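Undergrad: This is the structure I have questions about; it appears just below.
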Protein chains: 2
Amino acid sequence: MPSPAVSSRDLPHPASGEIRLEDVLHALSDPMRLRIVRELAGAQGELSCSHFDLPVTKSTTTHHFRVLRESGVIRQAYRGTAKMNGLRRGDLDELFPGLLDALLHAAARQAARLGG
Amino acid sequence: MPSPAVSSRDLPHPASGEIRLEDVLHALSDPMRLRIVRELAGAQGELSCSHFDLPVTKSTTTHHFRVLRESGVIRQAYRGTAKMNGLRRGDLDELFPGLLDALLHAAARQAARLGG
DNA sequence: CGACTCGTACGATAGGCATCGTAGTACGGT
DNA sequence: ACCGTACTACGATGCCTATCGTACGAGTCG
């Protein structure tokens, strides 16, 4: 069966229309999650959770990815043992035009300014 | 003395260079504070705290204004018994070009979409 | 001075959340 | 069947925070 159904377990995502600005801002107000999103935006396509080398335990990493998914910032899907993550650029750009780019730009500027 | 010194009590504000994106996002991730900022952006100039009619007590209102000030989003100054509030547009636009407008636009869009 | 308004300070409370550790599940390969 | 890797679930912990109520300080006006 070569069809979809990438995996048996699937994950709850908010529909595009259910994404709330406050939730997105809250999700991005955590340094760890902002870092994840920046890395995700830099890489074209999807990245597995294990690709990220964060200074927290894996439990905590799982938590952050879930917050990002439930707020509508990223989309997650299992692929084998890996869990792939991708930015929901299309949905976000449609809902909040220019916001994601402004945020990423702002984050990059601040990182450059503070020597990150 | 016609100089500054609008009042005796003055309030601590972060310098422009101390404003952190994460703090700004956290400040704006609260519905009450986002509402305040939108109203402040709509009105040109400054507004007193008492101008706002929020569904919370005055204690809580004070709290929200302090969070906004300490994150660098607004500037506050006493003028007589009133406390005036103004968006720090210049500082924010310089640090994070386009971000404030994108945020305000996004908030307006969402309010329109959800019937706010 | 007194009364009134505007806003603050402080304590309490209840809920949220970032973090950890441990134990467990799902999948792929040998 | 077994093992290793990737991620999760759950409970605990300590901190942060949104909210309230009450009591107070600062300023204005009579």
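Ordering of the structure tokens sets the chain letters (A, B, ...), residue numbers begin anew at 1 in every chain, and ligands are numbered from 1 in the order given.
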Could you name the residues that touch Ile19 of chain A at 12 Å or less, counting only C-alpha atoms (C1' of nucleotides), but leaving out those on the same chain fewer than 6 positions away, as an NGL selection string?
TA: (:A and (13 or 25 or 27 or 68-74 or 88 or 91-96)) or (:B and (106 or 110 or 113-114))
Undergrad: Leaving out DT5 of chain C and any residue of its chain fewer than 6 positions from it, which residues lie within 9 Å of it when counting only C-alpha atoms (C1' of nucleotides), given as a PDB file with N, CA, C and O atoms (P, O5', C5', C4', C3', O3' and C1' of nucleotides), in the first residue's frame?
TA:
ATOM      1  N   THR B  81      -2.456  63.160  38.609  1.00  0.00           N
ATOM      2  CA  THR B  81      -2.880  61.888  39.183  1.00  0.00           C
ATOM      3  C   THR B  81      -2.942  60.808  38.121  1.00  0.00           C
ATOM      4  O   THR B  81      -3.005  59.627  38.440  1.00  0.00           O
TER       5      THR B  81
ATOM      6  P    DG D  27       2.713  63.533  44.065  1.00  0.00           P
ATOM      7  O5'  DG D  27       1.358  64.178  43.538  1.00  0.00           O
ATOM      8  C5'  DG D  27       0.871  63.777  42.249  1.00  0.00           C
ATOM      9  C4'  DG D  27      -0.542  64.251  42.061  1.00  0.00           C
ATOM     10  C3'  DG D  27      -0.727  65.776  42.168  1.00  0.00           C
ATOM     11  O3'  DG D  27      -1.258  66.237  40.934  1.00  0.00           O
ATOM     12  C1'  DG D  27      -2.351  64.610  43.446  1.00  0.00           C
ATOM     13  P    DT D  28      -1.544  67.784  40.693  1.00  0.00           P
ATOM     14  O5'  DT D  28      -3.117  67.911  40.939  1.00  0.00           O
ATOM     15  C5'  DT D  28      -4.015  67.049  40.225  1.00  0.00           C
ATOM     16  C4'  DT D  28      -5.451  67.407  40.548  1.00  0.00           C
ATOM     17  C3'  DT D  28      -5.753  68.897  40.592  1.00  0.00           C
ATOM     18  O3'  DT D  28      -7.005  69.124  39.970  1.00  0.00           O
ATOM     19  C1'  DT D  28      -6.391  67.894  42.633  1.00  0.00           C
TER      20       DT D  28
END
Undergrad: Compute the chain A side of the contact with chain B at 9 Å, counting only C-alpha atoms, and hand it back as a PyMOL selection string.
TA: chain A and resi 20-31+34+95-103+105-107+109-110
Undergrad: Just the selected residues (C-alpha atoms), exported as an mmCIF file, in the first residue's frame, please.
TA:
data_model
loop_
_atom_site.group_PDB
_atom_site.id
_atom_site.type_symbol
_atom_site.label_atom_id
_atom_site.label_comp_id
_atom_site.auth_asym_id
_atom_site.auth_seq_id
_atom_site.Cartn_x
_atom_site.Cartn_y
_atom_site.Cartn_z
ATOM 1 C CA ARG A 20 -4.964 31.914 17.704
ATOM 2 C CA LEU A 21 -2.479 34.719 17.593
ATOM 3 C CA GLU A 22 -2.057 34.723 21.360
ATOM 4 C CA ASP A 23 -1.145 31.054 21.316
ATOM 5 C CA VAL A 24 1.394 31.594 18.565
ATOM 6 C CA LEU A 25 2.983 34.464 20.459
ATOM 7 C CA HIS A 26 3.048 32.458 23.651
ATOM 8 C CA ALA A 27 4.660 29.551 21.852
ATOM 9 C CA LEU A 28 7.350 31.792 20.421
ATOM 10 C CA SER A 29 8.011 33.637 23.667
ATOM 11 C CA ASP A 30 10.088 30.745 24.968
ATOM 12 C CA PRO A 31 13.771 30.894 23.963
ATOM 13 C CA LEU A 34 12.016 30.279 19.259
ATOM 14 C CA LEU A 95 -3.778 34.059 8.622
ATOM 15 C CA PHE A 96 -1.191 36.654 9.581
ATOM 16 C CA PRO A 97 0.507 38.034 6.480
ATOM 17 C CA GLY A 98 4.056 39.099 7.079
ATOM 18 C CA LEU A 99 4.075 38.126 10.715
ATOM 19 C CA LEU A 100 6.257 35.041 10.497
ATOM 20 C CA ASP A 101 8.848 36.802 8.386
ATOM 21 C CA ALA A 102 8.888 39.787 10.714
ATOM 22 C CA LEU A 103 9.330 37.489 13.690
ATOM 23 C CA HIS A 105 13.806 38.687 10.980
ATOM 24 C CA ALA A 106 13.481 40.164 14.460
ATOM 25 C CA ALA A 107 14.918 37.028 16.040
ATOM 26 C CA ARG A 109 18.552 40.672 14.299
ATOM 27 C CA GLN A 110 18.497 40.168 18.022
#
Undergrad: With chain B as the partner and 9 Å as the cut-off, tabulate the residues of chain C that qualify, each row holding the nearest pair of atoms and their distance in Å to one decimal, using only C-alpha atoms (C1' of nucleotides), sorted by chain and rising number, as JSON lines.
TA:
{"residue": "C:DT5", "atom": "C1'", "partner": "B:Thr81", "partner_atom": "CA", "distance": 7.8}
{"residue": "C:DC6", "atom": "C1'", "partner": "B:Thr81", "partner_atom": "CA", "distance": 5.5}
{"residue": "C:DG7", "atom": "C1'", "partner": "B:Thr62", "partner_atom": "CA", "distance": 7.6}
{"residue": "C:DT8", "atom": "C1'", "partner": "B:Thr62", "partner_atom": "CA", "distance": 7.9}
Undergrad: Expressed in Å to a single decimal, how great is the separation between atom C1' of DT19 of chain C and atom C1' of DA12 of chain D?
TA: 10.4 Å
Undergrad: For the helix (DSSP H, G or I) assignment from backbone DSSP, which residues of chain A qualify? Please present them as an MDAnalysis selection string.
TA: chainID A and resid 16:18 21:28 31:42 49:51 58:70 89:95 99:113
Undergrad: Any chance you could export the current selection's C-alpha atoms as a PDB file, in the first residue's frame?
TA:
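Result saved to again02.pdb:
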ATOM      1  CA  SER A  16      -5.933  26.654  10.116  1.00  0.00           C
ATOM      2  CA  GLY A  17      -8.958  28.591  11.290  1.00  0.00           C
ATOM      3  CA  GLU A  18      -8.412  27.559  14.889  1.00  0.00           C
ATOM      4  CA  LEU A  21      -2.479  34.719  17.593  1.00  0.00           C
ATOM      5  CA  GLU A  22      -2.057  34.723  21.360  1.00  0.00           C
ATOM      6  CA  ASP A  23      -1.145  31.054  21.316  1.00  0.00           C
ATOM      7  CA  VAL A  24       1.394  31.594  18.565  1.00  0.00           C
ATOM      8  CA  LEU A  25       2.983  34.464  20.459  1.00  0.00           C
ATOM      9  CA  HIS A  26       3.048  32.458  23.651  1.00  0.00           C
ATOM     10  CA  ALA A  27       4.660  29.551  21.852  1.00  0.00           C
ATOM     11  CA  LEU A  28       7.350  31.792  20.421  1.00  0.00           C
ATOM     12  CA  PRO A  31      13.771  30.894  23.963  1.00  0.00           C
ATOM     13  CA  MET A  32      13.982  27.176  23.347  1.00  0.00           C
ATOM     14  CA  ARG A  33      10.966  27.160  21.097  1.00  0.00           C
ATOM     15  CA  LEU A  34      12.016  30.279  19.259  1.00  0.00           C
ATOM     16  CA  ARG A  35      15.318  28.570  18.594  1.00  0.00           C
ATOM     17  CA  ILE A  36      13.557  25.512  17.222  1.00  0.00           C
ATOM     18  CA  VAL A  37      11.430  27.616  14.923  1.00  0.00           C
ATOM     19  CA  ARG A  38      14.396  29.575  13.654  1.00  0.00           C
ATOM     20  CA  GLU A  39      16.267  26.396  12.860  1.00  0.00           C
ATOM     21  CA  LEU A  40      13.196  24.985  11.192  1.00  0.00           C
ATOM     22  CA  ALA A  41      12.811  28.109   9.098  1.00  0.00           C
ATOM     23  CA  GLY A  42      16.442  28.004   8.084  1.00  0.00           C
ATOM     24  CA  CYS A  49      13.154  15.975  16.602  1.00  0.00           C
ATOM     25  CA  SER A  50      16.487  14.273  17.142  1.00  0.00           C
ATOM     26  CA  HIS A  51      18.131  16.670  14.720  1.00  0.00           C
ATOM     27  CA  LYS A  58      14.329  14.800  25.712  1.00  0.00           C
ATOM     28  CA  SER A  59      11.221  14.943  27.861  1.00  0.00           C
ATOM     29  CA  THR A  60      11.391  18.699  27.798  1.00  0.00           C
ATOM     30  CA  THR A  61      12.105  18.719  24.089  1.00  0.00           C
ATOM     31  CA  THR A  62       8.987  16.653  23.490  1.00  0.00           C
ATOM     32  CA  HIS A  63       7.027  19.158  25.554  1.00  0.00           C
ATOM     33  CA  HIS A  64       8.244  22.120  23.491  1.00  0.00           C
ATOM     34  CA  PHE A  65       7.454  20.442  20.200  1.00  0.00           C
ATOM     35  CA  ARG A  66       3.985  19.697  21.430  1.00  0.00           C
ATOM     36  CA  VAL A  67       3.393  23.300  22.420  1.00  0.00           C
ATOM     37  CA  LEU A  68       4.514  24.390  18.970  1.00  0.00           C
ATOM     38  CA  ARG A  69       2.244  21.881  17.288  1.00  0.00           C
ATOM     39  CA  GLU A  70      -0.793  22.632  19.430  1.00  0.00           C
ATOM     40  CA  ARG A  89       4.271  28.641   6.686  1.00  0.00           C
ATOM     41  CA  GLY A  90       1.306  28.562   4.376  1.00  0.00           C
ATOM     42  CA  ASP A  91      -1.301  28.617   7.103  1.00  0.00           C
ATOM     43  CA  LEU A  92       0.488  31.260   9.110  1.00  0.00           C
ATOM     44  CA  ASP A  93       1.117  33.513   6.129  1.00  0.00           C
ATOM     45  CA  GLU A  94      -2.496  33.277   5.140  1.00  0.00           C
ATOM     46  CA  LEU A  95      -3.778  34.059   8.622  1.00  0.00           C
ATOM     47  CA  LEU A  99       4.075  38.126  10.715  1.00  0.00           C
ATOM     48  CA  LEU A 100       6.257  35.041  10.497  1.00  0.00           C
ATOM     49  CA  ASP A 101       8.848  36.802   8.386  1.00  0.00           C
ATOM     50  CA  ALA A 102       8.888  39.787  10.714  1.00  0.00           C
ATOM     51  CA  LEU A 103       9.330  37.489  13.690  1.00  0.00           C
ATOM     52  CA  LEU A 104      12.135  35.515  12.101  1.00  0.00           C
ATOM     53  CA  HIS A 105      13.806  38.687  10.980  1.00  0.00           C
ATOM     54  CA  ALA A 106      13.481  40.164  14.460  1.00  0.00           C
ATOM     55  CA  ALA A 107      14.918  37.028  16.040  1.00  0.00           C
ATOM     56  CA  ALA A 108      17.846  37.021  13.633  1.00  0.00           C
ATOM     57  CA  ARG A 109      18.552  40.672  14.299  1.00  0.00           C
ATOM     58  CA  GLN A 110      18.497  40.168  18.022  1.00  0.00           C
ATOM     59  CA  ALA A 111      20.742  37.126  17.790  1.00  0.00           C
ATOM     60  CA  ALA A 112      23.229  39.123  15.750  1.00  0.00           C
ATOM     61  CA  ARG A 113      23.021  42.053  18.132  1.00  0.00           C
TER      62      ARG A 113
END
Undergrad: Which residues are near DG30 of chain D? Cut-off 12 Å, only C-alpha atoms (C1' of nucleotides), ignore same chain within fewer than 6 positions. Put them as a list of chain:residue names.
TA: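 Using only C-alpha atoms (C1' of nucleotides), the neighbours found are C:DC1, C:DG2, C:DA3, C:DC4.
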Undergrad: Could you pull out the strand (DSSP E) residues of segment 24-113 of chain B, going by DSSP on the backbone, and write them as a list in words?
TA: Leu47, Ser48, Ile74, Arg75, Gln76, Ala77, Tyr78, Arg79, Ala82, Lys83, Met84, Asn85, Gly86 and Leu87 of chain B
Undergrad: Given the selection you just returned, output its residues as a file containing C-alpha atoms, formatted as a CSV table (one decimal), in the first residue's frame.
TA:
chain,number,residue,atom,x,y,z
B,47,LEU,CA,-3.8,57.4,26.9
B,48,SER,CA,-4.3,57.3,30.7
B,74,ILE,CA,5.0,50.9,26.3
B,75,ARG,CA,6.3,54.0,28.0
B,76,GLN,CA,4.6,55.3,31.1
B,77,ALA,CA,4.8,58.6,32.9
B,78,TYR,CA,2.8,60.3,35.6
B,79,ARG,CA,1.0,63.4,34.8
B,82,ALA,CA,-3.1,60.2,35.8
B,83,LYS,CA,-0.6,57.8,34.4
B,84,MET,CA,-0.1,58.2,30.7
B,85,ASN,CA,0.8,55.3,28.4
B,86,GLY,CA,2.3,55.4,24.9
B,87,LEU,CA,3.6,52.8,22.6
Undergrad: Any idea what the distance is between atom CA of Pro14 of chain A and atom CA of Gly115 of chain B?
TA: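 These two atoms are separated by 19.2 Å.
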Undergrad: Given a cut-off of 10 Å, which residues of chain D touch chain B, counting only C-alpha atoms (C1' of nucleotides), written out as a list of chain:residue names?
TA: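 Using only C-alpha atoms (C1' of nucleotides), chain D residues at most 10 Å from chain B: D:DA18, D:DT19, D:DC20, D:DG21, D:DA26, D:DG27, D:DT28.
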Undergrad: Find the spatial neighbours of DC10 of chain D, counting only C-alpha atoms (C1' of nucleotides), within a cut-off of 12 Å - ignore same-chain residues fewer than 3 positions away - and output them as a list of chain:residue names.
TA: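 Residues near the query, excluding close chain neighbours: A:Ser59, C:DG21, C:DT22, C:DA23, C:DG24.
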